[in-house]
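Undergrad: Below you'll find data.txt; it's compact mmCIF, C-alpha atoms.
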# COMPACT_ATOMS: atom_id res chain seq x y z
CA MET A 1 119.64 58.20 124.25
CA TYR A 2 120.05 61.66 122.67
CA LYS A 3 120.79 61.63 118.95
CA LYS A 4 123.07 64.49 117.89
CA LYS A 5 121.67 66.94 115.34
CA THR A 6 122.86 69.53 112.85
CA ILE A 7 121.25 72.79 113.94
CA ILE A 8 121.28 76.19 112.28
CA VAL A 9 121.38 79.00 114.86
CA THR A 10 120.86 82.52 113.57
CA GLY A 11 122.12 85.45 115.61
CA SER A 12 124.95 83.19 116.73
CA ALA A 13 127.24 86.11 117.62
CA GLY A 14 124.48 87.69 119.69
CA PHE A 15 123.88 87.55 123.43
CA ILE A 16 121.34 84.73 123.55
CA GLY A 17 122.45 83.09 120.32
CA SER A 18 126.09 82.61 121.32
CA SER A 19 125.07 81.24 124.72
CA VAL A 20 122.65 78.74 123.13
CA CYS A 21 125.33 77.67 120.62
CA LEU A 22 127.85 77.07 123.39
CA LYS A 23 125.48 74.78 125.28
CA LEU A 24 124.58 72.81 122.15
CA LEU A 25 128.22 72.46 121.11
CA LYS A 26 129.15 71.10 124.52
CA ARG A 27 126.55 68.34 124.22
CA GLY A 28 127.87 67.37 120.78
CA ASP A 29 125.49 68.90 118.26
CA SER A 30 126.90 70.28 115.00
CA ILE A 31 126.11 73.99 114.85
CA VAL A 32 125.93 76.19 111.77
CA GLY A 33 125.95 79.77 113.00
CA ILE A 34 124.69 82.74 110.98
CA ASP A 35 125.09 86.39 112.01
CA ASN A 36 125.30 89.64 110.03
CA HIS A 37 127.60 91.33 112.59
CA ASN A 38 125.82 94.68 112.22
CA ASP A 39 126.95 97.73 114.17
CA TYR A 40 123.75 98.33 116.18
CA TYR A 41 126.13 98.00 119.14
CA ASP A 42 129.90 97.53 119.43
CA PRO A 43 130.84 94.64 117.09
CA LYS A 44 133.86 93.88 119.29
CA ILE A 45 131.71 92.10 121.82
CA LYS A 46 130.16 90.05 119.02
CA ASP A 47 133.63 89.04 117.88
CA ALA A 48 134.54 88.09 121.44
CA ARG A 49 131.41 85.94 121.79
CA LEU A 50 132.26 84.23 118.52
CA GLU A 51 135.76 83.40 119.77
CA ARG A 52 134.13 81.13 122.36
CA LEU A 53 132.45 79.14 119.59
CA VAL A 54 135.06 78.76 116.86
CA LYS A 55 137.24 76.74 119.24
CA TYR A 56 134.85 73.84 118.63
CA SER A 57 135.38 71.65 115.57
CA ASN A 58 131.61 71.07 115.36
CA TYR A 59 130.95 74.78 114.78
CA LYS A 60 130.79 76.54 111.39
CA HIS A 61 130.14 80.27 111.06
CA PHE A 62 128.72 82.40 108.28
CA LYS A 63 128.62 86.18 108.18
CA ALA A 64 125.36 86.68 106.32
CA ASP A 65 122.12 88.61 106.40
CA LEU A 66 118.84 86.70 106.62
CA ALA A 67 117.31 89.16 104.15
CA ASP A 68 119.58 87.61 101.49
CA GLN A 69 117.52 84.57 100.50
CA LYS A 70 120.14 83.14 98.12
CA ILE A 71 122.92 82.99 100.73
CA LEU A 72 120.52 81.53 103.28
CA GLU A 73 119.31 78.89 100.84
CA ASP A 74 122.90 77.91 100.01
CA ILE A 75 123.68 77.41 103.69
CA PHE A 76 120.63 75.18 104.19
CA LYS A 77 121.41 73.19 101.05
CA ASN A 78 125.08 72.66 101.88
CA HIS A 79 124.64 71.74 105.56
CA ASN A 80 121.32 69.88 105.62
CA PRO A 81 120.16 70.90 109.13
CA GLN A 82 117.49 68.97 111.00
CA LYS A 83 116.50 71.88 113.25
CA VAL A 84 116.67 75.68 113.26
CA ILE A 85 116.83 78.22 116.11
CA ASN A 86 116.12 81.72 114.83
CA LEU A 87 117.52 84.26 117.29
CA ALA A 88 118.66 86.85 114.75
CA ALA A 89 116.67 90.06 114.94
CA GLN A 90 116.97 93.79 115.08
CA ALA A 91 116.45 94.30 118.80
CA GLY A 92 115.45 97.29 120.91
CA VAL A 93 112.10 98.97 121.55
CA ARG A 94 113.37 102.55 121.44
CA TYR A 95 115.50 102.13 118.31
CA SER A 96 112.42 100.79 116.50
CA ILE A 97 110.78 104.20 116.92
CA GLU A 98 113.73 105.91 115.22
CA ASN A 99 114.45 103.32 112.53
CA PRO A 100 111.42 101.11 111.86
CA GLN A 101 112.64 100.00 108.43
CA ALA A 102 115.49 98.02 110.01
CA TYR A 103 112.90 95.91 111.83
CA ILE A 104 110.91 95.21 108.69
CA SER A 105 114.02 94.03 106.83
CA SER A 106 115.57 91.93 109.58
CA ASN A 107 112.63 90.72 111.62
CA ILE A 108 109.99 90.21 108.94
CA VAL A 109 111.76 89.71 105.59
CA GLY A 110 114.56 87.73 107.26
CA PHE A 111 112.12 85.53 109.14
CA ALA A 112 110.09 84.90 105.97
CA ASN A 113 113.29 83.60 104.37
CA ILE A 114 113.93 81.32 107.35
CA LEU A 115 110.42 79.91 107.06
CA GLU A 116 110.77 79.31 103.34
CA SER A 117 114.13 77.54 103.68
CA SER A 118 112.73 75.48 106.56
CA ARG A 119 109.84 74.43 104.32
CA LYS A 120 112.05 73.47 101.40
CA HIS A 121 114.40 71.43 103.55
CA LYS A 122 111.72 69.75 105.68
CA ILE A 123 113.06 71.00 109.01
CA GLU A 124 112.01 68.86 112.01
CA HIS A 125 111.47 71.87 114.29
CA LEU A 126 111.88 75.63 114.05
CA VAL A 127 112.27 77.50 117.35
CA TYR A 128 112.28 81.29 117.12
CA ALA A 129 112.62 84.28 119.41
CA SER A 130 109.56 86.34 120.19
CA THR A 131 109.34 88.88 123.03
CA SER A 132 107.42 89.91 126.13
CA SER A 133 107.00 93.30 124.42
CA ILE A 134 104.19 91.66 122.43
CA TYR A 135 101.92 92.06 125.45
CA GLY A 136 102.03 95.81 124.86
CA ALA A 137 98.91 97.45 126.25
CA ASN A 138 97.92 94.35 128.27
CA THR A 139 97.70 95.03 132.01
CA LYS A 140 96.42 91.67 133.34
CA MET A 141 99.28 90.11 135.34
CA PRO A 142 101.02 87.76 135.04
CA PHE A 143 101.15 87.81 131.25
CA SER A 144 99.86 84.52 129.88
CA GLU A 145 100.28 83.03 126.41
CA HIS A 146 96.61 82.08 126.63
CA ASP A 147 95.51 85.72 126.69
CA GLY A 148 95.27 87.72 123.49
CA ALA A 149 98.18 90.07 122.72
CA ASN A 150 97.03 92.24 119.86
CA HIS A 151 98.02 95.76 120.93
CA PRO A 152 101.82 96.11 120.58
CA LEU A 153 103.27 99.51 121.51
CA SER A 154 106.34 99.50 119.26
CA VAL A 155 107.36 98.42 115.77
CA TYR A 156 109.74 95.94 117.40
CA ALA A 157 106.86 94.24 119.22
CA ALA A 158 104.70 94.35 116.09
CA SER A 159 107.44 92.67 114.05
CA LYS A 160 107.65 89.84 116.58
CA LYS A 161 103.89 89.40 116.63
CA SER A 162 104.12 89.15 112.85
CA ASN A 163 106.67 86.35 113.26
CA GLU A 164 104.24 84.36 115.36
CA LEU A 165 101.49 84.75 112.77
CA MET A 166 103.81 83.93 109.86
CA ALA A 167 105.01 80.81 111.67
CA HIS A 168 101.43 79.69 112.21
CA SER A 169 100.64 79.91 108.51
CA TYR A 170 103.67 77.72 107.66
CA SER A 171 102.83 75.25 110.42
CA TYR A 172 99.27 75.01 109.12
CA LEU A 173 100.07 74.85 105.40
CA PHE A 174 103.23 72.75 105.44
CA LYS A 175 103.06 70.94 108.82
CA ILE A 176 106.36 72.46 109.99
CA PRO A 177 106.54 72.30 113.82
CA THR A 178 107.26 75.83 115.06
CA THR A 179 107.67 77.14 118.60
CA GLY A 180 107.80 80.84 119.47
CA LEU A 181 109.47 81.89 122.73
CA ARG A 182 108.51 85.16 124.38
CA PHE A 183 111.64 86.22 126.25
CA PHE A 184 111.33 88.38 129.36
CA THR A 185 114.16 90.92 129.96
CA VAL A 186 117.21 88.71 129.52
CA TYR A 187 120.40 89.74 131.34
CA GLY A 188 123.75 88.32 132.36
CA PRO A 189 127.39 87.94 131.23
CA TRP A 190 128.07 88.64 127.53
CA GLY A 191 124.92 90.79 127.40
CA ARG A 192 124.01 93.61 125.02
CA PRO A 193 125.56 97.05 125.62
CA ASP A 194 122.26 98.75 124.72
CA MET A 195 120.43 97.16 127.65
CA ALA A 196 119.87 98.73 131.07
CA LEU A 197 122.26 96.59 133.13
CA PHE A 198 125.16 97.32 130.78
CA LYS A 199 124.40 101.04 130.64
CA PHE A 200 123.89 101.30 134.41
CA THR A 201 127.14 99.49 135.19
CA LYS A 202 129.17 101.66 132.83
CA ALA A 203 127.65 104.88 134.17
CA ILE A 204 128.09 103.99 137.84
CA LEU A 205 131.72 103.02 137.36
CA GLU A 206 132.36 106.30 135.52
CA GLY A 207 130.56 108.34 138.21
CA LYS A 208 127.80 109.40 135.80
CA SER A 209 124.05 109.48 136.39
CA ILE A 210 121.83 106.67 135.14
CA ASP A 211 118.54 107.38 133.35
CA LEU A 212 115.48 106.02 135.13
CA PHE A 213 112.38 106.25 132.97
CA ASN A 214 108.95 106.66 134.56
CA HIS A 215 110.96 107.99 137.51
CA GLY A 216 112.15 104.45 138.27
CA LYS A 217 108.61 103.13 138.79
CA HIS A 218 108.94 99.99 136.68
CA SER A 219 109.08 96.30 137.46
CA ARG A 220 110.56 93.70 135.14
CA ASP A 221 110.64 89.93 135.06
CA PHE A 222 114.44 89.86 134.78
CA THR A 223 115.55 86.47 133.45
CA TYR A 224 119.14 85.24 133.69
CA ILE A 225 120.79 84.02 130.50
CA ASP A 226 121.39 80.45 131.76
CA ASP A 227 117.68 80.08 132.54
CA ILE A 228 116.79 81.34 129.06
CA VAL A 229 119.19 78.88 127.42
CA GLU A 230 117.65 76.02 129.40
CA GLY A 231 114.19 76.94 128.12
CA VAL A 232 115.33 77.28 124.50
CA ILE A 233 116.94 73.85 124.46
CA LYS A 234 114.10 72.11 126.28
CA THR A 235 111.64 73.39 123.69
CA LEU A 236 114.02 72.62 120.80
CA ASP A 237 114.17 68.96 121.88
CA ASN A 238 110.37 68.71 121.95
CA PRO A 239 108.83 69.73 118.61
CA ALA A 240 105.47 71.46 118.69
CA TYR A 241 102.40 69.40 117.87
CA GLY A 242 98.78 70.19 117.16
CA ASN A 243 96.33 70.73 120.00
CA VAL A 244 93.55 68.21 119.35
CA ASN A 245 91.29 70.10 121.78
CA TRP A 246 91.69 73.45 120.02
CA ASN A 247 88.28 75.03 119.54
CA SER A 248 87.67 77.81 117.02
CA ASN A 249 84.69 79.03 119.07
CA GLN A 250 87.02 79.66 122.01
CA PRO A 251 90.42 79.87 120.32
CA ASP A 252 93.51 79.44 122.49
CA PRO A 253 96.07 82.10 121.40
CA ALA A 254 99.00 79.87 122.52
CA SER A 255 98.22 76.77 120.46
CA SER A 256 96.51 75.53 117.32
CA LYS A 257 95.38 72.43 115.47
CA ALA A 258 98.57 73.02 113.50
CA PRO A 259 101.95 72.02 115.05
CA TRP A 260 102.48 75.52 116.42
CA ARG A 261 103.06 76.71 119.97
CA ILE A 262 103.90 79.87 121.93
CA TYR A 263 105.63 79.88 125.34
CA ASN A 264 106.71 82.55 127.79
CA ILE A 265 110.26 82.22 129.11
CA GLY A 266 110.77 84.30 132.23
CA ASN A 267 111.81 84.11 135.84
CA SER A 268 108.15 84.51 136.89
CA SER A 269 109.30 86.77 139.72
CA PRO A 270 109.15 90.48 138.81
CA VAL A 271 111.60 92.85 140.49
CA ASP A 272 111.18 96.58 141.03
CA LEU A 273 113.67 98.54 138.97
CA MET A 274 115.07 100.22 142.08
CA ASP A 275 115.72 96.82 143.68
CA TYR A 276 117.57 95.83 140.50
CA VAL A 277 119.68 98.98 140.79
CA ASN A 278 120.31 98.24 144.49
CA ALA A 279 121.59 94.77 143.57
CA LEU A 280 123.94 96.40 141.07
CA GLU A 281 125.17 98.97 143.61
CA LYS A 282 125.91 96.14 146.05
CA ALA A 283 127.81 94.13 143.43
CA LEU A 284 129.84 97.18 142.37
CA GLY A 285 130.36 98.50 145.88
CA LYS A 286 129.42 101.94 144.59
CA LYS A 287 126.32 104.13 144.77
CA ALA A 288 124.43 105.29 141.68
CA LYS A 289 123.41 108.82 140.74
CA PHE A 290 119.97 109.17 139.16
CA ASN A 291 118.45 111.14 136.32
CA TYR A 292 114.68 110.71 136.66
CA LEU A 293 112.74 110.88 133.39
CA PRO A 294 109.12 110.40 132.24
CA LEU A 295 107.86 107.14 130.72
CA GLN A 296 109.68 106.45 127.49
CA GLN A 297 107.56 106.14 124.35
CA GLY A 298 106.94 102.48 123.50
CA ASP A 299 107.80 101.18 126.98
CA VAL A 300 105.43 99.07 129.06
CA LEU A 301 105.14 99.76 132.78
CA ASP A 302 105.62 96.24 134.11
CA THR A 303 106.28 92.68 132.94
CA TYR A 304 105.53 89.41 134.69
CA ALA A 305 105.64 86.01 132.98
CA ASN A 306 103.29 83.14 133.62
CA VAL A 307 105.54 80.15 132.78
CA ASN A 308 103.24 77.37 133.99
CA ASP A 309 103.08 75.75 130.55
CA LEU A 310 106.85 75.58 130.23
CA LYS A 311 107.13 74.16 133.75
CA GLU A 312 104.42 71.55 133.23
CA ASN A 313 105.45 70.45 129.73
CA PHE A 314 109.24 70.53 130.05
CA ASN A 315 110.02 70.74 133.77
CA TYR A 316 111.44 74.23 133.27
CA LYS A 317 112.91 75.68 136.47
CA PRO A 318 114.44 79.17 136.45
CA ARG A 319 117.04 79.08 139.22
CA THR A 320 118.98 82.35 139.25
CA SER A 321 118.07 85.19 141.60
CA VAL A 322 118.64 88.80 140.57
CA ILE A 323 121.25 89.18 143.34
CA ASP A 324 123.30 86.28 141.97
CA GLY A 325 122.68 87.13 138.31
CA VAL A 326 123.71 90.78 138.65
CA SER A 327 126.78 89.77 140.66
CA ASN A 328 127.80 87.32 137.91
CA PHE A 329 127.36 90.06 135.31
CA VAL A 330 129.50 92.55 137.23
CA GLU A 331 132.26 89.96 137.66
CA TRP A 332 132.22 89.30 133.90
CA TYR A 333 132.04 93.03 133.02
CA LYS A 334 135.07 93.93 135.13
CA ASP A 335 137.07 91.09 133.63
CA PHE A 336 136.03 91.80 130.03
CA TYR A 337 136.67 95.56 130.23
CA LYS A 338 139.57 95.29 132.70
CA LYS A 339 137.83 97.59 135.19
Write the structure described by the file as structure tokens, please.
TA:
Amino acid sequence: MYKKKTIIVTGSAGFIGSSVCLKLLKRGDSIVGIDNHNDYYDPKIKDARLERLVKYSNYKHFKADLADQKILEDIFKNHNPQKVINLAAQAGVRYSIENPQAYISSNIVGFANILESSRKHKIEHLVYASTSSIYGANTKMPFSEHDGANHPLSVYAASKKSNELMAHSYSYLFKIPTTGLRFFTVYGPWGRPDMALFKFTKAILEGKSIDLFNHGKHSRDFTYIDDIVEGVIKTLDNPAYGNVNWNSNQPDPASSKAPWRIYNIGNSSPVDLMDYVNALEKALGKKAKFNYLPLQQGDVLDTYANVNDLKENFNYKPRTSVIDGVSNFVEWYKDFYKK
């Protein structure tokens, strides 16, 4: 029988964070949400996501920045969580080229504070967001956690790689179980306005051209939000443990003798960008106009997740096709923006 927990979720007003919170609240966990409500994109959608959560008596919310160690420590001390899901981060590959300092403050300093509070309060399991962008210059497909990923192409990716390394040191030194999740192109209702699906939908409805980098010659392992949430919670419920077969002569990049683990979460079914756009055109009932551009600095050509470990260990089964997922997004978008 499942025993309810008190769980801190950072980034709780964000796309993935709010969706994870909602699922945990519905099963009865007590959730302490933390979000800084920054203006990287329209804060109104963050407020609207939060409205879904505050209806629950088992939800408490704090507007705070993870870089503020004192506030974070007070929250841990006053609420005594058993587990932590760290989904707060400065997101976006392209923005990291323009404003790298924001990524150092939020993604590295903030995560260091999460690790330190987790150590002090003897957290049972810390699950944190990493990214498929970590694979960077890798070209071997599908991307596997068991292959090295040491050539990130953006500060954003580098900050997430740093998180994985920082988590390992805490798992090794203090025996804190930590699990890093490399998300692959998450999309769906309540998504981020800075992401392609949001931008494409807005432009098509307004009769404007959409930007297609690398002249549209990309493929992405688009992963629907419900499938991401399933993976987050399955890993949360199963704390990482040391790999007794780990061998320093042939080190496995995805595991360790420490209670530390890395997993890909993706649909494991890459889709050409033009097929993604076609699914959107079908859902909108309107054709797109295109503005073809060269490869954007920091972008990778293709992504494709090997999720065998997640399937074998936790019976993870991504279920949502791009056709259905895009259709669900368009239905939500039209309702939310009254289009």
Undergrad: Taking 5 positions as the minimum chain separation for residues in the same chain, which residues sit within 8 Å of Ile228 of chain A when counting all atoms listed in the file? Answer as a list of chain:residue names.
TA: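 The contact residues come out as A:Ile16, A:Phe183, A:Val186, A:Thr223, A:Ile265, A:Gly266.
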Undergrad: Taking into account all atoms listed in the file, which residue in the set A:Ala67, A:Ser171, A:Lys199, A:Gly14 is nearest to Lys44 of chain A?
TA: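 So, comparing all the options, the nearest one is A:Gly14.
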Undergrad: Which is closer to Ser118 of chain A than all the others in A:Asp275, A:Glu73, A:Glu281, A:Glu230, using all atoms listed in the file?
TA: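 Of all the options, A:Glu73 lies closest to Ser118 of chain A.
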Undergrad: Do a neighbour search on Leu126 of chain A at 9 Å with only C-alpha atoms, toss out local chain neighbours closer than 6 positions, and write the hits as an MDAnalysis selection string.
TA: chainID A and resid 83:86 115 118 167 176:180 236 239:240
Undergrad: With only C-alpha atoms as the basis for distance, which of A:Ile233, A:Leu280, A:Leu53, A:Ile262 is at the shortest distance from Gly148 of chain A?
TA: A:Ile262
